[in-house]
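So this one's my_file-v5.cif, mmCIF, C-alpha atoms and all ligand atoms:
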```cif
data_entry
loop_
_atom_site.label_atom_id
_atom_site.label_comp_id
_atom_site.auth_asym_id
_atom_site.auth_seq_id
_atom_site.Cartn_x
_atom_site.Cartn_y
_atom_site.Cartn_z
CA VAL W 83 -8.13 -12.52 -1.21
CA ARG W 84 -4.85 -12.57 0.70
CA ARG W 85 -4.22 -15.55 2.98
CA PRO W 86 -2.87 -14.40 6.34
CA LEU W 87 0.62 -15.70 7.10
CA ILE W 88 1.98 -16.12 10.61
CA ALA W 89 5.74 -16.59 10.50
CA GLY W 90 8.07 -17.42 13.38
CA ASN W 91 11.58 -16.01 13.04
CA TRP W 92 13.62 -17.98 15.55
CA LYS W 93 16.71 -15.80 14.91
CA MET W 94 19.92 -17.31 16.39
CA ASN W 95 18.25 -19.54 18.95
CA LEU W 96 17.79 -23.20 19.88
CA LEU W 97 19.68 -26.44 19.53
CA ARG W 98 18.33 -29.42 17.62
CA ALA W 99 16.55 -31.18 20.48
CA GLU W 100 14.82 -27.93 21.53
CA ALA W 101 13.93 -27.17 17.93
CA ARG W 102 12.36 -30.59 17.43
CA GLN W 103 10.32 -30.18 20.58
CA LEU W 104 9.10 -26.71 19.59
CA THR W 105 8.24 -27.89 16.09
CA ARG W 106 6.28 -30.85 17.47
CA GLY W 107 4.34 -28.42 19.67
CA VAL W 108 3.51 -26.18 16.71
CA VAL W 109 2.46 -29.11 14.54
CA ALA W 110 0.31 -30.53 17.35
CA GLY W 111 -1.58 -27.24 17.69
CA ALA W 112 -1.68 -26.24 14.03
CA GLY W 113 -5.03 -27.96 13.54
CA ARG W 114 -6.63 -25.42 15.87
CA VAL W 115 -5.46 -22.49 13.72
CA PRO W 116 -8.10 -21.37 11.20
CA ARG W 117 -7.56 -23.13 7.89
CA ASP W 118 -7.37 -19.89 5.97
CA ARG W 119 -4.12 -18.94 7.73
CA ASP W 120 -0.65 -20.15 6.75
CA LEU W 121 1.98 -20.99 9.37
CA LEU W 122 5.69 -20.70 8.64
CA LEU W 123 8.80 -21.48 10.70
CA LEU W 124 12.10 -19.72 10.00
CA PRO W 125 14.81 -21.52 12.00
CA PRO W 126 18.55 -20.89 11.71
CA PHE W 127 20.34 -22.85 8.96
CA THR W 128 21.61 -25.51 11.36
CA LEU W 129 18.06 -26.51 12.31
CA LEU W 130 16.39 -26.53 8.90
CA ASP W 131 16.88 -30.23 8.31
CA ALA W 132 15.63 -31.27 11.75
CA VAL W 133 12.67 -28.89 11.69
CA GLY W 134 11.75 -29.91 8.13
CA GLY W 135 11.77 -33.55 9.24
CA GLU W 136 9.36 -32.80 12.07
CA LEU W 137 7.06 -30.73 9.85
CA GLY W 138 6.63 -33.58 7.40
CA SER W 139 3.27 -33.23 5.69
CA SER W 140 1.74 -31.07 8.46
CA GLY W 141 1.18 -28.14 6.09
CA VAL W 142 3.31 -25.83 8.26
CA ARG W 143 5.82 -24.20 5.90
CA LEU W 144 9.59 -23.98 6.24
CA GLY W 145 11.84 -21.06 5.43
CA ALA W 146 15.28 -19.60 6.15
CA GLN W 147 16.43 -16.27 7.56
CA ASP W 148 18.90 -15.27 4.84
CA LEU W 149 20.62 -16.51 1.70
CA HIS W 150 23.66 -15.73 -0.42
CA TRP W 151 23.23 -13.87 -3.71
CA GLU W 152 25.10 -16.49 -5.72
CA SER W 153 23.88 -20.03 -6.25
CA ALA W 154 27.29 -21.65 -5.63
CA GLY W 155 31.00 -20.83 -5.58
CA ALA W 156 33.93 -19.69 -3.46
CA TYR W 157 31.95 -17.90 -0.74
CA THR W 158 33.10 -19.47 2.52
CA SER W 159 30.19 -19.79 4.97
CA GLY W 160 27.62 -18.77 2.38
CA VAL W 161 24.32 -20.62 2.06
CA SER W 162 22.63 -20.40 -1.33
CA GLY W 163 19.05 -20.49 -2.54
CA PRO W 164 19.40 -23.93 -4.18
CA MET W 165 20.81 -25.28 -0.88
CA LEU W 166 17.74 -23.96 0.95
CA ARG W 167 15.40 -25.46 -1.62
CA ASP W 168 17.25 -28.75 -1.20
CA LEU W 169 16.39 -28.64 2.52
CA GLY W 170 12.70 -28.14 1.80
CA CYS W 171 12.54 -24.38 2.27
CA GLU W 172 9.76 -22.56 0.51
CA PHE W 173 10.35 -19.05 1.94
CA VAL W 174 13.35 -16.91 2.84
CA LEU W 175 13.72 -13.62 4.70
CA VAL W 176 15.59 -10.89 2.86
CA GLY W 177 16.72 -7.67 4.51
CA HIS W 178 15.82 -8.28 8.14
CA SER W 179 16.94 -5.21 10.10
CA GLU W 180 19.34 -7.37 12.12
CA ARG W 181 21.02 -8.39 8.86
CA ARG W 182 21.26 -4.73 7.86
CA THR W 183 22.60 -3.62 11.25
CA HIS W 184 24.86 -6.47 12.38
CA PHE W 185 25.98 -7.94 9.06
CA GLY W 186 26.09 -4.82 6.91
CA ASP W 187 23.62 -6.00 4.26
CA THR W 188 23.20 -3.05 1.89
CA GLY W 189 20.36 -2.25 -0.48
CA ALA W 190 22.52 -3.40 -3.40
CA ALA W 191 23.31 -6.74 -1.73
CA LEU W 192 19.67 -7.23 -0.79
CA HIS W 193 18.60 -6.57 -4.36
CA ARG W 194 20.86 -9.44 -5.46
CA LYS W 195 19.62 -11.68 -2.65
CA LEU W 196 16.00 -11.06 -3.60
CA ARG W 197 16.78 -11.94 -7.22
CA ALA W 198 18.68 -15.05 -6.09
CA ALA W 199 15.73 -16.17 -3.98
CA LEU W 200 13.34 -15.79 -6.90
CA SER W 201 15.60 -17.62 -9.32
CA ALA W 202 15.99 -20.48 -6.84
CA GLY W 203 12.20 -20.77 -6.65
CA LEU W 204 12.03 -19.44 -3.09
CA ARG W 205 9.36 -16.99 -1.95
CA PRO W 206 11.12 -13.95 -0.48
CA ILE W 207 9.80 -12.05 2.52
CA TYR W 208 11.39 -8.65 2.16
CA CYS W 209 11.71 -6.73 5.43
CA VAL W 210 11.60 -2.95 5.75
CA GLY W 211 11.29 -0.58 8.68
CA GLU W 212 12.47 2.70 10.11
CA SER W 213 14.52 3.33 13.25
CA LEU W 214 13.26 5.41 16.14
CA GLU W 215 15.47 8.34 15.12
CA GLU W 216 14.11 8.19 11.58
CA ARG W 217 10.50 8.11 12.81
CA GLU W 218 11.06 10.98 15.21
CA ALA W 219 12.72 13.00 12.47
CA GLY W 220 9.62 12.51 10.30
CA ARG W 221 11.57 10.39 7.79
CA THR W 222 9.54 7.16 7.99
CA TRP W 223 8.03 7.39 4.51
CA VAL W 224 11.32 8.35 2.87
CA VAL W 225 13.08 5.41 4.54
CA LEU W 226 10.40 2.90 3.56
CA ARG W 227 10.29 4.24 0.02
CA THR W 228 14.08 4.02 -0.31
CA GLN W 229 14.23 0.50 1.11
CA CYS W 230 11.60 -0.59 -1.40
CA ASP W 231 13.11 1.26 -4.37
CA GLU W 232 16.64 -0.07 -3.83
CA VAL W 233 15.65 -3.70 -3.62
CA LEU W 234 12.39 -4.16 -5.53
CA ARG W 235 13.23 -2.01 -8.56
CA GLY W 236 12.71 -3.71 -11.87
CA LEU W 237 10.77 -6.65 -10.47
CA ALA W 238 8.30 -8.15 -12.93
CA PRO W 239 4.65 -7.70 -11.91
CA GLN W 240 4.18 -11.44 -11.49
CA ALA W 241 7.17 -11.71 -9.13
CA MET W 242 6.00 -8.65 -7.26
CA ALA W 243 2.50 -10.04 -6.78
CA GLY W 244 3.97 -13.19 -5.23
CA LEU W 245 6.14 -11.26 -2.82
CA THR W 246 5.58 -10.89 0.90
CA LEU W 247 6.66 -7.65 2.52
CA ALA W 248 7.25 -7.36 6.26
CA TYR W 249 6.98 -4.00 7.96
CA GLU W 250 9.19 -4.23 11.02
CA PRO W 251 9.84 -0.87 12.67
CA VAL W 252 13.26 -1.21 14.30
CA TRP W 253 12.00 0.49 17.47
CA ALA W 254 9.46 -2.30 17.95
CA ILE W 255 11.79 -5.26 17.46
CA GLY W 256 12.63 -7.05 20.70
CA THR W 257 11.66 -4.00 22.74
CA GLY W 258 8.21 -5.02 23.93
CA ARG W 259 6.99 -1.84 22.28
CA THR W 260 4.52 -3.09 19.65
CA ALA W 261 3.34 -0.57 17.09
CA THR W 262 -0.30 0.23 17.68
CA PRO W 263 -2.68 -1.19 15.07
CA GLU W 264 -3.18 2.40 13.83
CA VAL W 265 0.53 3.08 13.37
CA ALA W 266 1.10 -0.29 11.69
CA GLN W 267 -1.95 0.06 9.43
CA GLU W 268 -0.79 3.53 8.36
CA ALA W 269 2.61 2.16 7.30
CA HIS W 270 1.05 -0.84 5.57
CA ALA W 271 -1.34 1.40 3.65
CA PHE W 272 1.62 3.55 2.64
CA LEU W 273 3.52 0.48 1.40
CA ARG W 274 0.54 -0.89 -0.52
CA GLY W 275 -0.05 2.54 -2.05
CA SER W 276 3.59 2.73 -3.15
CA ILE W 277 3.36 -0.71 -4.74
CA ALA W 278 0.14 0.30 -6.49
CA ARG W 279 1.81 3.38 -7.98
CA GLU W 280 4.68 1.33 -9.36
CA TRP W 281 3.01 -1.97 -10.29
CA GLY W 282 -0.70 -1.19 -10.38
CA ASP W 283 -3.66 -1.84 -8.10
CA SER W 284 -4.10 -5.48 -8.98
CA VAL W 285 -0.51 -6.38 -8.03
CA ALA W 286 -0.71 -4.27 -4.88
CA SER W 287 -3.87 -6.05 -3.81
CA GLU W 288 -2.08 -9.41 -4.00
CA VAL W 289 1.08 -8.57 -2.04
CA ARG W 290 1.00 -9.92 1.51
CA LEU W 291 2.08 -7.39 4.11
CA LEU W 292 3.18 -8.75 7.50
CA TYR W 293 3.71 -6.70 10.62
CA GLY W 294 6.66 -7.56 12.89
CA GLY W 295 7.90 -6.12 16.17
CA SER W 296 7.05 -7.45 19.64
CA VAL W 297 3.88 -9.21 18.50
CA THR W 298 2.25 -11.16 21.33
CA PRO W 299 -0.96 -13.20 21.59
CA GLU W 300 -2.46 -10.16 23.30
CA SER W 301 -1.53 -7.62 20.62
CA ALA W 302 -2.08 -9.87 17.58
CA ALA W 303 -5.86 -9.67 17.24
CA GLY W 304 -5.92 -5.87 16.99
CA LEU W 305 -3.16 -5.92 14.38
CA LEU W 306 -4.55 -8.75 12.27
CA ASP W 307 -7.93 -7.06 12.22
CA ARG W 308 -6.61 -4.15 10.15
CA PRO W 309 -7.34 -4.19 6.42
CA ASP W 310 -3.74 -3.99 5.19
CA ILE W 311 -2.14 -6.26 7.82
CA ASP W 312 -2.03 -9.74 6.33
CA GLY W 313 -0.11 -11.54 9.02
CA ALA W 314 2.70 -11.32 11.51
CA LEU W 315 6.45 -11.90 11.59
CA VAL W 316 7.06 -13.03 15.14
CA GLY W 317 10.42 -13.12 16.92
CA GLY W 318 10.55 -13.79 20.66
CA ALA W 319 7.01 -15.12 20.96
CA SER W 320 7.68 -17.74 18.27
CA LEU W 321 10.09 -19.57 20.57
CA ARG W 322 7.21 -21.08 22.54
CA ALA W 323 4.56 -23.13 20.74
CA GLU W 324 1.80 -21.82 22.95
CA SER W 325 2.45 -18.13 22.27
CA PHE W 326 3.14 -18.67 18.56
CA LEU W 327 -0.13 -20.59 18.20
CA GLY W 328 -1.90 -17.95 20.28
CA ILE W 329 -0.82 -15.33 17.75
CA ALA W 330 -1.73 -17.59 14.83
CA GLY W 331 -5.27 -18.03 16.11
CA ALA W 332 -5.74 -14.49 17.41
CA GLY W 333 -8.97 -12.73 16.57
CA ALA W 334 -10.16 -15.42 14.19
CA SER W 335 -13.89 -15.80 13.99
CA ALA W 336 -14.82 -19.40 14.70
P1 LIG W 401 10.29 -9.67 18.20
O1 LIG W 401 8.93 -10.29 17.96
O2 LIG W 401 11.12 -10.45 19.16
O3 LIG W 401 10.17 -8.22 18.51
O4 LIG W 401 11.08 -9.76 16.80
C1 LIG W 401 10.47 -9.30 15.66
C2 LIG W 401 11.29 -9.70 14.50
O5 LIG W 401 12.36 -9.17 14.28
C3 LIG W 401 10.79 -10.77 13.63
O6 LIG W 401 11.53 -10.88 12.47
#
```

The structure in this file should be written as structure tokens.
Amino acid sequence: VRRPLIAGNWKMNLLRAEARQLTRGVVAGAGRVPRDRDLLLLPPFTLLDAVGGELGSSGVRLGAQDLHWESAGAYTSGVSGPMLRDLGCEFVLVGHSERRTHFGDTGAALHRKLRAALSAGLRPIYCVGESLEEREAGRTWVVLRTQCDEVLRGLAPQAMAGLTLAYEPVWAIGTGRTATPEVAQEAHAFLRGSIAREWGDSVASEVRLLYGGSVTPESAAGLLDRPDIDGALVGGASLRAESFLGIAGAGASA
């Protein structure tokens, strides 16, 4: 049984006072979210300490948006896995499309980052997704397969089973154009099937698959209802406690 995970990716937003206020709002409402769902906040590096302090023992998890592939050394501006663990992070995003597009993260670099996250004891959330051009050219499955192959190759079954994968079609990110539950489910089923072929059915049945891309409280229930959608990776709507909590509680039977 996969526990749904609702994660808020704050991207490059908020100052400390705003972050504390938002976190307090999430913590205050977290009790109304069904107990079988996990909540996770992914603030920028500068806010991790403040947000972690507010989260305290609330049960809401903390994670980061990126990490360096080395654990320490002469890498000016780098932030390593052990540093994130030291700040109380449990999760870390790897391969968000904005990292690929704006920072040039390649498959080879992401492979190293994923390994670094695992060796630091962090739980990676590996992000994949096709662009609009790729979808329209009928290349979606090739792109997803390549993104998985490049980065997940050689992963031990146990590490793979503990992994979270986020399907974030680039055309749905920040565009207000959410994938329909059918389109998202189709991609998630493809990803789970690919994992099953490589690592076996039992591993594939354990991997959590999140959908991300313009998720709102209105669209969340239909998405979370699908058999292979195990949660959401929320951008814009995670910057307000009310909408993030609305997504977290969406469609849950009382
Ligand atoms: P939006 O929810 O703002 O579309 O962002 C999605 C995303 O990129 C989450 O990682």

remark   = Atom pair atom CA of W:Gln147 + atom CA of W:Arg205, distance 11.9 Å

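Ranking W:Gly220, W:Gly203, W:Gly282, W:Gly177 by their shortest atom-to-atom distance to ligand LIG 401 (chain W), with only C-alpha atoms and all ligand atoms included, puts W:Gly177 first.
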
key: Pairwise distance for atom CA of W:Ser301 and atom CA of W:Val265, rounded to one decimal in Å   =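 Separation of atom CA of W:Ser301 and atom CA of W:Val265: 13.1 Å.
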
request  = Would you mind reading off the distance between atom CA of W:Thr246 and atom CA of W:Ala199, one decimal, in Å?
outcome  = 12.4 Å

request  = Grab me every residue within 10 Å of ligand LIG 401 (chain W), counting all atoms listed in the file, and send it over as a ChimeraX atom specification.
outcome  = /W:89-93,124,147,175,178-180,209,248-260,292-298,314-321

Writing out the chosen residues with C-alpha atoms as a tab-separated table (two decimals), in the frame of the given file:
```tsv
chain	number	residue	atom	x	y	z
W	89	ALA	CA	5.74	-16.59	10.50
W	90	GLY	CA	8.07	-17.42	13.38
W	91	ASN	CA	11.58	-16.01	13.04
W	92	TRP	CA	13.62	-17.98	15.55
W	93	LYS	CA	16.71	-15.80	14.91
W	124	LEU	CA	12.10	-19.72	10.00
W	147	GLN	CA	16.43	-16.27	7.56
W	175	LEU	CA	13.72	-13.62	4.70
W	178	HIS	CA	15.82	-8.28	8.14
W	179	SER	CA	16.94	-5.21	10.10
W	180	GLU	CA	19.34	-7.37	12.12
W	209	CYS	CA	11.71	-6.73	5.43
W	248	ALA	CA	7.25	-7.36	6.26
W	249	TYR	CA	6.98	-4.00	7.96
W	250	GLU	CA	9.19	-4.23	11.02
W	251	PRO	CA	9.84	-0.87	12.67
W	252	VAL	CA	13.26	-1.21	14.30
W	253	TRP	CA	12.00	0.49	17.47
W	254	ALA	CA	9.46	-2.30	17.95
W	255	ILE	CA	11.79	-5.26	17.46
W	256	GLY	CA	12.63	-7.05	20.70
W	257	THR	CA	11.66	-4.00	22.74
W	258	GLY	CA	8.21	-5.02	23.93
W	259	ARG	CA	6.99	-1.84	22.28
W	260	THR	CA	4.52	-3.09	19.65
W	292	LEU	CA	3.18	-8.75	7.50
W	293	TYR	CA	3.71	-6.70	10.62
W	294	GLY	CA	6.66	-7.56	12.89
W	295	GLY	CA	7.90	-6.12	16.17
W	296	SER	CA	7.05	-7.45	19.64
W	297	VAL	CA	3.88	-9.21	18.50
W	298	THR	CA	2.25	-11.16	21.33
W	314	ALA	CA	2.70	-11.32	11.51
W	315	LEU	CA	6.45	-11.90	11.59
W	316	VAL	CA	7.06	-13.03	15.14
W	317	GLY	CA	10.42	-13.12	16.92
W	318	GLY	CA	10.55	-13.79	20.66
W	319	ALA	CA	7.01	-15.12	20.96
W	320	SER	CA	7.68	-17.74	18.27
W	321	LEU	CA	10.09	-19.57	20.57
```

query = List as an MDAnalysis selection string: which residues have an atom within 6 Å of (-1.1, -13.9, 11.7), counting all atoms listed in the file?
reply = chainID W and resid 86:88 313:314 330

ask   = Using all atoms listed in the file, which of W:Arg84, W:His193, W:Arg114, W:Arg290 sits nearest W:Leu149?
value = W:His193

inquiry  = Taking only C-alpha atoms into account, name the residue in W:Lys195, W:Arg308, W:Arg227, W:Arg85 that is nearest to W:Phe272.
reply    =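 Under the stated criterion, the closest residue is W:Arg227.
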
task = Fewer than 4 positions away in the same chain doesn't count, so skip those; otherwise give me all residues within 10 Å of W:Arg167, counting all atoms listed in the file, as number ranges by chain.
result = W: 144-146, 162-163, 171-174, 199, 202-204

ask   = Using only C-alpha atoms, which of the listed residues (W:Arg279, W:Gly134, W:Phe127, W:Ala241) sits closest to W:Gly160?
value =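 The shortest atom-to-atom distance to W:Gly160 comes from W:Phe127.
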
key: Who sits within 8 Å of W:Leu327, all atoms listed in the file, same chain under 5 positions skipped, as a PyMOL selection string   = chain W and resi 108+111-112+115
